[in-house]
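Trainee: Please read through the structure below; I'll follow up with questions.
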Amino acid sequence: MRSKSVYICGECGYTSPKWLGKCPGCGSWNTLTETLQTQAKPSASRPAAAVRVAAGAPMPISEIKHGHESRYPTGLRELDRVLGGGLVSGELILVGGDPGIGKSTLLLQICQSLGKEKRILYVSGEESAEQIKLRADRLGVDTPNLLLMSETDVEIILGTITDTKPDIVIIDSIQTMHIEAIASASGSVPQVRETTNALMRTAKSMAISMFIVGHVTKDGAIAGPRVLEHIVDCVLYFEGDRQVSLRILRAVKNRFGSTNEIGVFEMRDVGLVEVENPSKMLLDGRPEDISGSAVVCAMEGSRGVLAEVQALVTPTGFGNPRRMSAGIDLNRVFLLTAVLEKRARMNLSNSDIYINVAGGLKIDETAADLGICAAIAASRADAVIPPDMVFIGEVGLGGELRSVTRLEKRLTEAANMGFATAVTPRQSMRGIHIPDGIKTLGVRTVSEAISMFRR
Ligand code: TYD
Ligand code: MG
């Protein structure tokens with residue numbers, strides 16, 4: 001049966017063959033959306049909901065047995081870590097990210113290693129097969145198990161999948177795919193939703209693992225829809241600043257693992273290179289004799305990552321003082337500035353403040369508060385913070401230092417990177433094991449911590 005496209009009201013379920021502004025069923029406006037109809041409507045003789053006998057009776061959870069899901073490595077350990085230990089067969093993965101961030105590069109790159117044992121079908125709606133071949137040459141991908149196809153018609157793609165029976169399918173990108181029977185343009189919500197549904201049915205029935213690339217819109221959502229996120233098993237976001245080479249892969253949903261892990265890569269001319277020690281990469285080439293630079297330790301997944309926070313405090317030329325920030329939420333900077341003014345009696349009302357996290361990392365953890373305050377105070381006083389000092393602590397509105405989670409892990413990372421002193425909240429030192437090679441300086445308030453740089 002060929003499916004046909006209809007318009008269904010989201011409020012009352014009224015079905016119309018064409019789009020209507022006002023629903024004749026319930027009278028609400030703009031509630032009809034295009035949907036592919038494949039199932040027969042309930043007929044009058046059979047009510048919509050009748051009692052039927054389930055094929056499998058409910059079972060106590062203790063009696064349900066499961067086989068171990070089969071996982072295979074992708075060849076990139078950072079990606080495997082985010083997936084929860086490798087790719088699961090039949091898994092549907094959405095890879096989101098800004099255009100040009102490296103989604104196609106990442107997926108093409110893993111084909112070389114996956115291609116040793118698996119057959120892969122790479123469908124691109126954005127680039128021609130020759131263009132992909134050029135990129136593959138640069139990335140050193142030449143496995144005969146990789147089939148390339150430049151196509152946007154979903155029915156043709158599904159036919160090819162059924163014929164070639166690959167183990168892995170890559171769809172690049174979902175916004176370029178379309179189903180003939182749906183009138184809306186490619187990339188619209190109905191197209192994206194129905195395409196994903198159709199691909200999912202095929203993937204699940206043939207136990208194919210499928211990567212779907214989705215572009216991100218300006219406001220940060222994967223274009224089209226949150227509905228996509230509900231359908232797939234795993235949602236990965238590829239983040240980074242196009243100007244800098246650091247790329248972070250983050251799972252925001254994962255039915256086969258935790259969402260607590262990140263993968264760190266560097267974009268080079270040979271493609272994406274795994275970064276096993278992000279702290280080293282972020283601190284490399286750090287100037288050790290300039291004022292206003294402080295090192296903080298953020299938790300990224302289960303790993304501690306050290307990063308340099310730089311502050312520049314300059315006299316305001318005219319008008320209102322400026323506050324600018326890259327890598328730290330600007331509202332957090334406002335809040336910490338207010339705490340410094342009120343609780344540490346530091347006059348910043350005639351100063352512009354610029355904050356930057358070196359290397360393009362974005363820190364959204366309050367454990368960096370103390371480091372940000374230290375950088376501001378040091379820049380204002382033109383003081384150089386000892387290069388082997390690290391700051392860990394949240395700052396409260398009272399100017400008090402608050403404990404942070406996983407302090408031991410952060411201290412271990414700092415000790416491993418050769419830091420000698422950690423400034424930490426005093427109360428969190430009780431009962432924790434301090435790693436060798438680092439000593440801690442417990443402080444109670446932010447003004448106590450920055451008294452070293454007061455002028
Ligand atoms: P791409 O994977 O095409 O991004 P997306 O699919 O997310 O839109 O990545 C494109 C960018 O990556 C492009 O600006 C060039 C850069 N790049 C490299 O720096 N090195 C490489 O080896 C490759 C393949 C791309
Ligand atoms: Mg691409």
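FYI, nothing fancy with the structure tokens labels: chains A, B, ... in order, residues from 1 per chain, ligands from 1 as they appear.
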Give as a PyMOL selection string the residues surrounding ligand 1 up to a distance of 10 Å, considering only C-alpha atoms and all ligand atoms.

Mentor: chain A and resi 95-109+126-127+132+134-140+172-173+213-216+238-239+242-243+245+266-273

Trainee: Residues of stretch 204-313 of chain A within 10 Å of stretch 344-359 of chain A: nearest atom pair and distance (Å, one decimal) for each, counting only C-alpha atoms, sorted by chain and number, as a tab-separated table?

Mentor:
```
residue	atom	partner	partner_atom	distance
A:Gly240	CA	A:Gly359	CA	10.0
A:Asp241	CA	A:Gly359	CA	9.3
A:Gln243	CA	A:Gly359	CA	10.0
A:Val244	CA	A:Gly359	CA	6.9
A:Ser245	CA	A:Gly359	CA	8.1
A:Leu246	CA	A:Gly359	CA	6.9
A:Met281	CA	A:Gly359	CA	8.1
A:Leu282	CA	A:Gly359	CA	5.5
A:Leu283	CA	A:Ala358	CA	8.0
A:Asp284	CA	A:Gly359	CA	9.3
A:Arg286	CA	A:Ala358	CA	8.7
A:Gly292	CA	A:Ile355	CA	9.5
A:Ser293	CA	A:Asn356	CA	9.6
A:Ala294	CA	A:Val357	CA	9.8
A:Val295	CA	A:Val357	CA	9.6
A:Val296	CA	A:Val357	CA	9.9
A:Ala307	CA	A:Ala358	CA	7.0
A:Glu308	CA	A:Ala358	CA	5.6
A:Val309	CA	A:Val357	CA	4.6
A:Gln310	CA	A:Asn356	CA	5.2
A:Ala311	CA	A:Ile355	CA	4.6
A:Leu312	CA	A:Tyr354	CA	5.1
A:Val313	CA	A:Ile353	CA	4.7
```

Trainee: Env of A:Val333: 12 Å cut, atoms = only C-alpha atoms, seq-sep filter 6 positions within chain, self excluded. Answer as a ChimeraX atom specification.

Mentor: /A:309,311,322-327,339-340,352-356,364,366,368-373,375-376,395

Trainee: Which residues are close to A:Met206, i.e. within 10 Å by only C-alpha atoms, leaving aside same-chain residues fewer than 3 positions away? Reply as a list in words.

Mentor: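 The contact residues come out as Ser89, Gly90, Ile161, Thr162, Lys165, Pro166, Asp167, Met200, Arg201, Thr202, Ala203 and Ser209 of chain A.
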
Trainee: Quick one: of A:Gln175, A:Gln112, A:Val169, A:Pro144, who's nearest to A:Lys204, counting only C-alpha atoms?

Mentor: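 Closest to A:Lys204, using only C-alpha atoms: A:Val169.
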
Trainee: So which bits of stretch 257-453 of chain A end up strand (DSSP E or B) when you DSSP the backbone, as a PyMOL selection string?

Mentor: chain A and resi 262-268+271-274+293-300+303-315+323-326+328+351-357+363+389-391+394-395+400-402+421-425+439-443+445

Trainee: DSSP says alpha helix (DSSP H) for which residues of stretch 21-228 of chain A? Put them as a ChimeraX atom specification?

Mentor: /A:77-83,103-114,129-139,154-164,189-206,226-228

Trainee: Figure out the distance between atom CA of A:Ala298 and atom CA of A:Leu94, please, to one decimal in Å.

Mentor: 26.6 Å

Trainee: Compare A:Ser113, A:Ser128, A:Ser186, A:Asn254 by their minimum atom-to-atom distance to A:Pro73, counting only C-alpha atoms, and give me the closest one.

Mentor: A:Ser113

Trainee: Can you tell me, as a PyMOL selection string, what residues are no more than 9 Å from A:Leu79 when counting only C-alpha atoms, ignoring any on the same chain fewer than 4 positions away?

Mentor: chain A and resi 73-75+83-86+249+262-264

Trainee: Just C-alpha atoms for this one: save the residues we selected as an mmCIF file, in the first residue's frame.

Mentor:
```
data_model
loop_
_atom_site.group_PDB
_atom_site.id
_atom_site.type_symbol
_atom_site.label_atom_id
_atom_site.label_comp_id
_atom_site.auth_asym_id
_atom_site.auth_seq_id
_atom_site.Cartn_x
_atom_site.Cartn_y
_atom_site.Cartn_z
ATOM 1 C CA PRO A 73 34.460 -0.379 18.194
ATOM 2 C CA THR A 74 34.436 2.486 15.678
ATOM 3 C CA GLY A 75 38.197 2.914 15.626
ATOM 4 C CA LEU A 83 28.570 5.877 22.680
ATOM 5 C CA GLY A 84 29.020 3.889 25.893
ATOM 6 C CA GLY A 85 31.658 1.421 24.683
ATOM 7 C CA GLY A 86 31.127 1.153 20.935
ATOM 8 C CA LEU A 249 31.433 15.404 21.159
ATOM 9 C CA ILE A 262 32.566 13.508 26.237
ATOM 10 C CA GLY A 263 34.971 12.905 23.402
ATOM 11 C CA VAL A 264 37.649 15.475 22.634
#
```

Trainee: For A:Ala422, which of A:Val446, A:Val390, A:Cys9, A:Leu401 is the closest residue, counting only C-alpha atoms?

Mentor: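 So, comparing all the options, the nearest one is A:Val390.
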
Trainee: Using only C-alpha atoms, find the one residue out of A:Pro278, A:Gly159, A:Gly442, A:Pro287 that sits nearest to A:Glu78.

Mentor: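 Of A:Pro278, A:Gly159, A:Gly442, A:Pro287, the one nearest A:Glu78 is A:Pro278, counting only C-alpha atoms.
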
Trainee: With distances taken over only C-alpha atoms and all ligand atoms, which of A:Phe256, A:Tyr122, A:Phe334, A:Phe391 is nearest to ligand 2?

Mentor: A:Tyr122
